[in-house]
Amino acid sequence: MRNRRRGSTLLEFTLTGLPVMFLSLSVVECGISMFEYNSMANAVTVAARYASTHGATCGSPNSCTIKVSDVANLIANTAWILDTSKLNVVLTANGVATNCKPLNTCQTNAAPSTGQFPPSGDNAVNMDITITATYKGTNPMPMFWPPNADVDDSGYTLGAQSRQRIQF
């Protein structure tokens, strides 16, 4: 009787264990994606609040102006889990947009990061500041099909936006 059941454990594991492992890895990947989105949305909101409190009349004389690099570094430090080379950010004040595509181009002391944000003239009280971010996530499927790992560049794009009004 024992010889007739030989190999049944391997078959049962194959039929149940592999789908359970695939499902577990999928849940983990969805959790990581949710954490990335939440980090990005929080960073965009924090940066918009920070920029909205540094308008034209925030100090006497206006000694508290900030640069684009200050906002970019705040986003990068708040969303520390994200790769800044995959994070695209657009800073908009009164219709004037500053593109940081990718974000790490605005973290240095080179243009456009040296400019003031919100720009002078577009930083009056009650003007809107909008910060929009998109993040290109990676597709987890090449993990299951390694021969396609270097060919498959598909993924998903996460987006977040925050609009704040300049307070003072």
# chains A, B, ... in the order shown; residues from 1 in each chain; ligands from 1

call {"tool": "select_by_dssp", "arguments": {"residues": "region 73-147 of chain A", "states": "strand (DSSP E or B)", "output": "count of residues only"}}
result
25

call {"tool": "residues_around", "arguments": {"residues": "Asn38 (chain A)", "least_positions_apart": "5", "cutoff": "9 Å", "atoms": "only C-alpha atoms", "output": "list in words"}}
result
Ser33, Ala43 and Ala79 of chain A

call {"tool": "atom_distance", "arguments": {"atom1": "CA of Thr9 (chain A)", "atom2": "CA of Pro140 (chain A)"}}
result
29.2 Å

call {"tool": "select_by_dssp", "arguments": {"residues": "region 36-87 of chain A", "states": "alpha helix (DSSP H)", "output": "ChimeraX atom specification"}}
result
/A:36-52,68-78

call {"tool": "residues_around", "arguments": {"residues": "Gly115 (chain A)", "least_positions_apart": "4", "cutoff": "9 Å", "atoms": "only C-alpha atoms", "output": "list in words"}}
result
Ile66, Lys67, Val68, Ser69, Ala111 and Pro119 of chain A

call {"tool": "closest_residue", "arguments": {"among": "A:Leu18, A:Leu74, A:Pro112, A:Arg5", "to": "Ala48 (chain A)", "atoms": "only C-alpha atoms"}}
result
A:Leu74

call {"tool": "residues_around", "arguments": {"residues": "Cys30 (chain A)", "least_positions_apart": "6", "cutoff": "12 Å", "atoms": "only C-alpha atoms", "output": "ChimeraX atom specification"}}
result
/A:23-24,36-37,137-140,156

call {"tool": "atom_distance", "arguments": {"atom1": "CA of Asn104 (chain A)", "atom2": "CA of Thr84 (chain A)"}}
result
5.5 Å

call {"tool": "atom_distance", "arguments": {"atom1": "CA of Ile75 (chain A)", "atom2": "CA of Pro102 (chain A)"}}
result
12.2 Å
